[in-house]
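Source file: work.cif (mmCIF, C-alpha atoms and all ligand atoms)
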data_upload
loop_
_atom_site.label_atom_id
_atom_site.label_comp_id
_atom_site.auth_asym_id
_atom_site.auth_seq_id
_atom_site.Cartn_x
_atom_site.Cartn_y
_atom_site.Cartn_z
CA MET O 260 77.60 -46.54 -90.84
CA GLU O 261 79.73 -49.65 -91.48
CA THR O 262 77.98 -53.01 -91.37
CA CYS O 263 78.06 -54.53 -87.91
CA ARG O 264 77.20 -57.74 -86.09
CA LEU O 265 77.72 -59.02 -82.58
CA ALA O 266 77.29 -62.64 -81.61
CA ALA O 267 77.87 -64.57 -78.41
CA ASN O 268 77.96 -68.35 -78.70
CA HIS O 269 77.20 -70.56 -75.71
CA LEU O 270 78.96 -68.32 -73.19
CA ALA O 271 79.60 -69.33 -69.62
CA CYS O 272 81.15 -66.93 -67.13
CA ARG O 273 83.11 -68.01 -64.08
CA ARG O 274 84.07 -65.55 -61.37
CA GLY O 275 86.19 -67.10 -58.65
CA GLU O 276 84.42 -70.35 -57.74
CA ARG O 277 81.04 -69.17 -59.02
CA LEU O 278 79.53 -69.91 -62.39
CA LEU O 279 77.43 -66.82 -63.07
CA PHE O 280 75.70 -67.91 -66.24
CA THR O 281 76.01 -70.67 -68.77
CA GLY O 282 74.71 -71.43 -72.26
CA LEU O 283 74.22 -67.77 -73.08
CA SER O 284 73.89 -67.03 -76.78
CA LEU O 285 72.79 -63.88 -78.51
CA GLU O 286 73.02 -62.36 -81.95
CA LEU O 287 72.58 -58.70 -82.78
CA ALA O 288 72.62 -57.23 -86.28
CA GLY O 289 72.88 -53.58 -87.24
CA GLY O 290 69.77 -51.68 -86.18
CA GLU O 291 69.18 -53.83 -83.08
CA ALA O 292 69.33 -53.02 -79.38
CA CYS O 293 69.27 -55.34 -76.37
CA HIS O 294 68.68 -54.54 -72.70
CA VAL O 295 70.50 -56.94 -70.36
CA THR O 296 68.67 -57.13 -67.04
CA GLY O 297 69.09 -59.13 -63.84
CA PRO O 298 69.52 -58.71 -60.10
CA ASN O 299 72.78 -57.45 -58.58
CA GLY O 300 75.63 -59.86 -59.06
CA THR O 301 74.07 -61.96 -61.84
CA GLY O 302 76.86 -60.99 -64.23
CA LYS O 303 75.63 -58.10 -66.37
CA SER O 304 78.95 -56.24 -66.15
CA SER O 305 80.86 -59.48 -66.58
CA LEU O 306 78.92 -60.19 -69.80
CA ILE O 307 79.72 -56.71 -71.12
CA ARG O 308 83.41 -57.22 -70.32
CA ILE O 309 83.41 -60.59 -72.09
CA LEU O 310 81.78 -59.05 -75.16
CA ALA O 311 84.31 -56.20 -75.08
CA GLY O 312 87.19 -58.69 -74.99
CA LEU O 313 88.30 -57.59 -71.51
CA LEU O 314 87.36 -60.82 -69.73
CA ARG O 315 87.90 -64.33 -71.01
CA PRO O 316 84.74 -66.47 -71.05
CA PHE O 317 84.88 -69.75 -69.15
CA VAL O 318 83.25 -71.35 -72.18
CA GLY O 319 82.11 -69.95 -75.51
CA THR O 320 83.11 -67.41 -78.10
CA VAL O 321 82.32 -63.86 -79.16
CA GLU O 322 82.31 -62.69 -82.77
CA ASN O 323 82.02 -59.12 -83.92
CA THR O 324 82.05 -57.30 -87.20
CA GLY O 325 82.64 -53.59 -86.69
CA SER O 326 84.44 -51.79 -83.90
CA MET O 327 83.11 -51.64 -80.34
CA ALA O 328 82.95 -48.74 -77.90
CA LEU O 329 82.55 -49.43 -74.19
CA LEU O 330 80.86 -47.09 -71.73
CA ASP O 331 81.27 -48.19 -68.12
CA GLN O 332 81.99 -46.63 -64.73
CA SER O 333 85.57 -45.67 -65.61
CA LEU O 334 86.22 -42.35 -67.32
CA ALA O 335 89.12 -42.46 -69.74
CA LEU O 336 89.83 -38.73 -69.45
CA ASP O 337 92.83 -37.05 -67.82
CA GLU O 338 91.56 -35.86 -64.41
CA HIS O 339 94.08 -33.01 -64.31
CA LEU O 340 93.21 -31.42 -67.63
CA PRO O 341 90.26 -29.16 -68.38
CA LEU O 342 87.47 -31.17 -69.99
CA GLY O 343 88.01 -29.52 -73.40
CA LYS O 344 91.71 -30.44 -73.50
CA SER O 345 91.06 -33.91 -72.19
CA LEU O 346 88.50 -34.54 -74.95
CA ALA O 347 90.89 -32.97 -77.50
CA PHE O 348 93.51 -35.64 -76.68
CA TRP O 349 91.12 -38.35 -77.84
CA ARG O 350 89.78 -36.25 -80.70
CA ALA O 351 93.32 -36.14 -82.14
CA LEU O 352 93.53 -39.94 -81.94
CA ASP O 353 90.02 -40.60 -83.21
CA GLY O 354 90.37 -38.07 -86.01
CA ALA O 355 86.74 -37.06 -85.55
CA ALA O 356 85.13 -33.88 -84.23
CA ASP O 357 83.48 -33.99 -80.82
CA ARG O 358 79.78 -34.51 -81.34
CA ASP O 359 76.86 -33.15 -79.41
CA LEU O 360 78.80 -31.30 -76.67
CA ALA O 361 76.08 -28.66 -76.38
CA ARG O 362 73.38 -31.32 -76.46
CA LEU O 363 75.16 -33.13 -73.62
CA GLY O 364 75.34 -29.92 -71.58
CA LEU O 365 79.15 -29.91 -71.76
CA ALA O 366 79.77 -26.80 -73.85
CA GLU O 367 79.90 -24.60 -70.73
CA LEU O 368 82.22 -27.00 -68.88
CA LEU O 369 85.16 -27.22 -71.27
CA GLU O 370 87.43 -25.12 -69.01
CA VAL O 371 86.59 -27.14 -65.87
CA PRO O 372 89.21 -29.72 -64.77
CA VAL O 373 87.80 -33.24 -65.20
CA ARG O 374 88.35 -33.99 -61.47
CA TYR O 375 85.88 -31.23 -60.54
CA LEU O 376 83.02 -32.60 -62.63
CA SER O 377 79.97 -33.92 -60.81
CA THR O 378 78.84 -37.53 -61.13
CA GLY O 379 76.31 -36.71 -63.83
CA GLN O 380 78.73 -34.40 -65.64
CA ARG O 381 81.35 -37.17 -65.67
CA LYS O 382 78.80 -39.55 -67.17
CA ARG O 383 77.95 -36.96 -69.84
CA ALA O 384 81.67 -36.61 -70.60
CA ALA O 385 81.94 -40.39 -70.94
CA ILE O 386 79.02 -40.29 -73.39
CA ALA O 387 80.86 -37.60 -75.39
CA ARG O 388 83.81 -40.02 -75.62
CA LEU O 389 81.46 -42.80 -76.69
CA LEU O 390 80.08 -40.64 -79.50
CA GLY O 391 83.59 -39.51 -80.48
CA GLN O 392 84.68 -43.08 -81.13
CA ASN O 393 82.19 -43.46 -84.00
CA ALA O 394 82.00 -47.19 -83.30
CA PRO O 395 79.01 -49.07 -84.73
CA ILE O 396 78.73 -51.37 -81.68
CA TRP O 397 77.96 -49.76 -78.32
CA LEU O 398 78.40 -51.71 -75.09
CA LEU O 399 76.85 -49.65 -72.31
CA ASP O 400 77.17 -50.68 -68.66
CA GLU O 401 74.71 -48.78 -66.46
CA PRO O 402 74.71 -45.73 -68.77
CA LEU O 403 71.97 -43.98 -66.78
CA ASN O 404 73.73 -43.99 -63.39
CA GLY O 405 74.00 -40.48 -62.00
CA LEU O 406 71.98 -38.84 -64.76
CA ASP O 407 69.02 -36.52 -64.19
CA THR O 408 65.67 -37.07 -65.91
CA GLN O 409 66.54 -34.86 -68.86
CA ALA O 410 69.86 -36.62 -69.43
CA VAL O 411 68.19 -40.05 -69.19
CA ALA O 412 65.83 -38.99 -71.99
CA LEU O 413 68.83 -37.76 -73.99
CA VAL O 414 70.65 -41.09 -73.65
CA GLU O 415 67.49 -42.90 -74.75
CA GLN O 416 67.33 -40.58 -77.76
CA LEU O 417 71.04 -41.06 -78.60
CA VAL O 418 70.68 -44.84 -78.44
CA ALA O 419 67.55 -44.72 -80.62
CA GLU O 420 69.39 -42.55 -83.17
CA HIS O 421 72.42 -44.87 -83.15
CA VAL O 422 70.28 -47.92 -83.76
CA ALA O 423 68.17 -46.16 -86.41
CA ALA O 424 71.44 -45.33 -88.21
CA GLY O 425 72.30 -49.04 -88.35
CA GLY O 426 74.34 -49.40 -85.15
CA ILE O 427 74.08 -51.98 -82.37
CA ALA O 428 73.49 -51.14 -78.70
CA LEU O 429 73.77 -53.63 -75.87
CA ILE O 430 72.81 -52.04 -72.56
CA ALA O 431 73.20 -53.50 -69.09
CA SER O 432 71.07 -51.59 -66.63
CA HIS O 433 68.83 -51.99 -63.61
CA GLN O 434 66.90 -48.99 -64.76
CA ALA O 435 64.13 -48.96 -67.32
CA ILE O 436 65.38 -47.58 -70.60
CA ALA O 437 63.04 -46.75 -73.42
CA VAL O 438 64.36 -47.52 -76.89
CA PRO O 439 61.91 -48.49 -79.65
CA GLY O 440 62.05 -52.18 -80.56
CA MET O 441 64.69 -53.04 -77.94
CA ARG O 442 64.84 -56.70 -76.86
CA THR O 443 65.46 -57.87 -73.33
CA LEU O 444 67.93 -60.50 -72.15
CA ALA O 445 67.29 -61.40 -68.51
CA LEU O 446 70.23 -63.02 -66.74
CA PRO O 447 69.12 -65.80 -64.40
CA ASP O 448 69.45 -65.36 -60.66
CA PHE O 449 70.95 -68.71 -59.85
CA GLU O 450 74.36 -70.27 -59.30
CA PRO O 451 74.91 -73.44 -61.28
CA GLU O 452 77.27 -75.90 -59.64
CA LEU O 453 80.74 -76.03 -61.11
CA ALA O 454 81.46 -79.39 -62.65
N1 LIG O 501 87.48 -60.43 -60.20
C1 LIG O 501 86.49 -61.10 -59.60
N2 LIG O 501 86.73 -62.23 -58.90
C2 LIG O 501 85.75 -62.92 -58.33
N3 LIG O 501 84.46 -62.55 -58.38
C3 LIG O 501 84.17 -61.43 -59.05
C4 LIG O 501 85.16 -60.65 -59.70
N4 LIG O 501 84.56 -59.59 -60.29
C5 LIG O 501 83.24 -59.72 -60.02
N5 LIG O 501 83.01 -60.81 -59.29
C6 LIG O 501 81.71 -61.30 -58.83
O1 LIG O 501 80.96 -61.67 -59.95
C7 LIG O 501 79.59 -61.43 -59.70
C8 LIG O 501 78.99 -60.69 -60.87
O2 LIG O 501 79.50 -59.39 -60.93
P1 LIG O 501 78.98 -58.38 -62.03
O3 LIG O 501 79.61 -57.07 -61.72
O4 LIG O 501 79.20 -58.95 -63.39
O5 LIG O 501 77.42 -58.38 -61.73
P2 LIG O 501 76.28 -57.35 -62.15
O6 LIG O 501 75.10 -58.15 -62.56
O7 LIG O 501 76.81 -56.37 -63.15
O8 LIG O 501 76.01 -56.65 -60.75
P3 LIG O 501 75.39 -55.21 -60.39
O9 LIG O 501 73.96 -55.26 -60.77
O10 LIG O 501 75.57 -55.16 -58.91
O11 LIG O 501 76.20 -54.18 -61.12
C9 LIG O 501 79.51 -60.70 -58.37
O12 LIG O 501 79.13 -61.62 -57.37
C10 LIG O 501 80.92 -60.22 -58.14
O13 LIG O 501 81.25 -60.17 -56.77
#
Now, as a test, write the supplied structure out as structure tokens.
Ligand SMILES: Nc1ncnc2c1ncn2[C@@H]1O[C@H](COP(=O)(O)OP(=O)(O)OP(=O)(O)O)[C@@H](O)[C@H]1O
Amino acid sequence: METCRLAANHLACRRGERLLFTGLSLELAGGEACHVTGPNGTGKSSLIRILAGLLRPFVGTVENTGSMALLDQSLALDEHLPLGKSLAFWRALDGAADRDLARLGLAELLEVPVRYLSTGQRKRAAIARLLGQNAPIWLLDEPLNGLDTQAVALVEQLVAEHVAAGGIALIASHQAIAVPGMRTLALPDFEPELA
């Protein structure tokens, strides 16, 4: 896997008139995972979006070496196509074979239109897309939502494998997630006054 690094320098995040967090710095090298925790509304998803380059920080900078793949609540698959064809669209762009479809329990669902997939099946499909991107840096926003116990264990295993192979995983989740050696970053539950 290509060398990777992800650093956030003195980030502050403003949403509307609220300052969600300030002075947030982190640095992750290849082989490291971080679990971002915090009560509802503290800014876990906002942090992930800032790191992904989808939201401008109020203050601070993000640096990354290596490409990033984002897993969040949106599913970037054509709802009207069967799952297999929808994944094939991205496979043609990524130039990589779909990985682990059987392991994700998707092999039997390739003929099913994406719009008919259940919540957990949609999440599994999103994970297939994540794997297909072959990105060294994973940004995962609530990756366990909607998954059954077996699938939760599979995600934990996939993250552990990714990190063991030299990748980075940053995971925002309310739920406990077991990955060996993973650090925790707890977002504070407070609202600093805007200057
Ligand atoms: N576009 C927006 N404009 C104003 N406020 C916003 C916007 N998007 C989100 N917020 C607010 O920012 C705060 C943080 O939202 P965010 O989704 O980052 O929190 P979270 O920690 O991921 O929450 P949860 O645990 O509920 O998923 C919330 O109070 C939310 O209402």
What separation in Å, quoted to one decimal, exists between atom N5 of ligand LIG 501 (chain O) and CA of Ala428 in chain O?
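Going from atom N5 of ligand LIG 501 (chain O) over to CA of Ala428 in chain O, I get 23.7 Å.
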Need to verify the contact set: Leu406 in chain O, 8 Å, all atoms listed in the file, exclusion of same-chain residues closer than 6 positions in sequence. Can you return it as JSON, numbers by chain?
{"O": [378, 379, 382]}
Write out as a tab-separated table the residues of chain O that have any atom within 6 Å of an atom of ligand LIG 501 (chain O), one row each with the nearest atom pair and its distance in Å to one decimal, counting all atoms listed in the file, sorted by chain and then rising number.
residue	atom	partner	partner_atom	distance
O:Arg274	CA	O:LIG501	N3	4.3
O:Gly275	CA	O:LIG501	C2	4.2
O:Pro298	CA	O:LIG501	O9	5.7
O:Asn299	CA	O:LIG501	O9	3.3
O:Gly300	CA	O:LIG501	O5	3.5
O:Thr301	CA	O:LIG501	O6	4.0
O:Gly302	CA	O:LIG501	O4	3.2
O:Lys303	CA	O:LIG501	O7	3.8
O:Ser304	CA	O:LIG501	O7	3.7
O:Ser305	CA	O:LIG501	O4	3.6
Which neighbours of Gly319 in chain O fall inside 7 Å, counting only C-alpha atoms, when residues of the same chain fewer than 2 positions from it are skipped, and could you give them as a ChimeraX atom specification?
/O:268-271,316-317
So what do you get for CA of Gly405 in chain O versus CA of Lys344 in chain O, distance-wise?
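CA of Lys344 in chain O lies 23.4 Å from CA of Gly405 in chain O.
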Quick one: contact table of range 281-386 of chain O to range 434-444 of chain O, 6 Å max, nearest atom pair and distance in Å to one decimal per residue, counting all atoms listed in the file, chain and number order, as a Markdown table?
| residue | atom | partner | partner_atom | distance |
| --- | --- | --- | --- | --- |
| O:Ala292 | CA | O:Met441 | CA | 4.9 |
| O:Cys293 | CA | O:Arg442 | CA | 4.7 |
| O:His294 | CA | O:Thr443 | CA | 4.7 |
| O:Val295 | CA | O:Leu444 | CA | 4.7 |
Atomic separation - CA of Gly297 in chain O relative to CA of Pro447 in chain O, Å:
6.7 Å
When you count only C-alpha atoms, which of these residues is closest to Val321 in chain O: O:Glu401, O:Glu367, O:Glu261, O:Glu286?
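Among the listed residues, O:Glu286 lies closest to Val321 in chain O.
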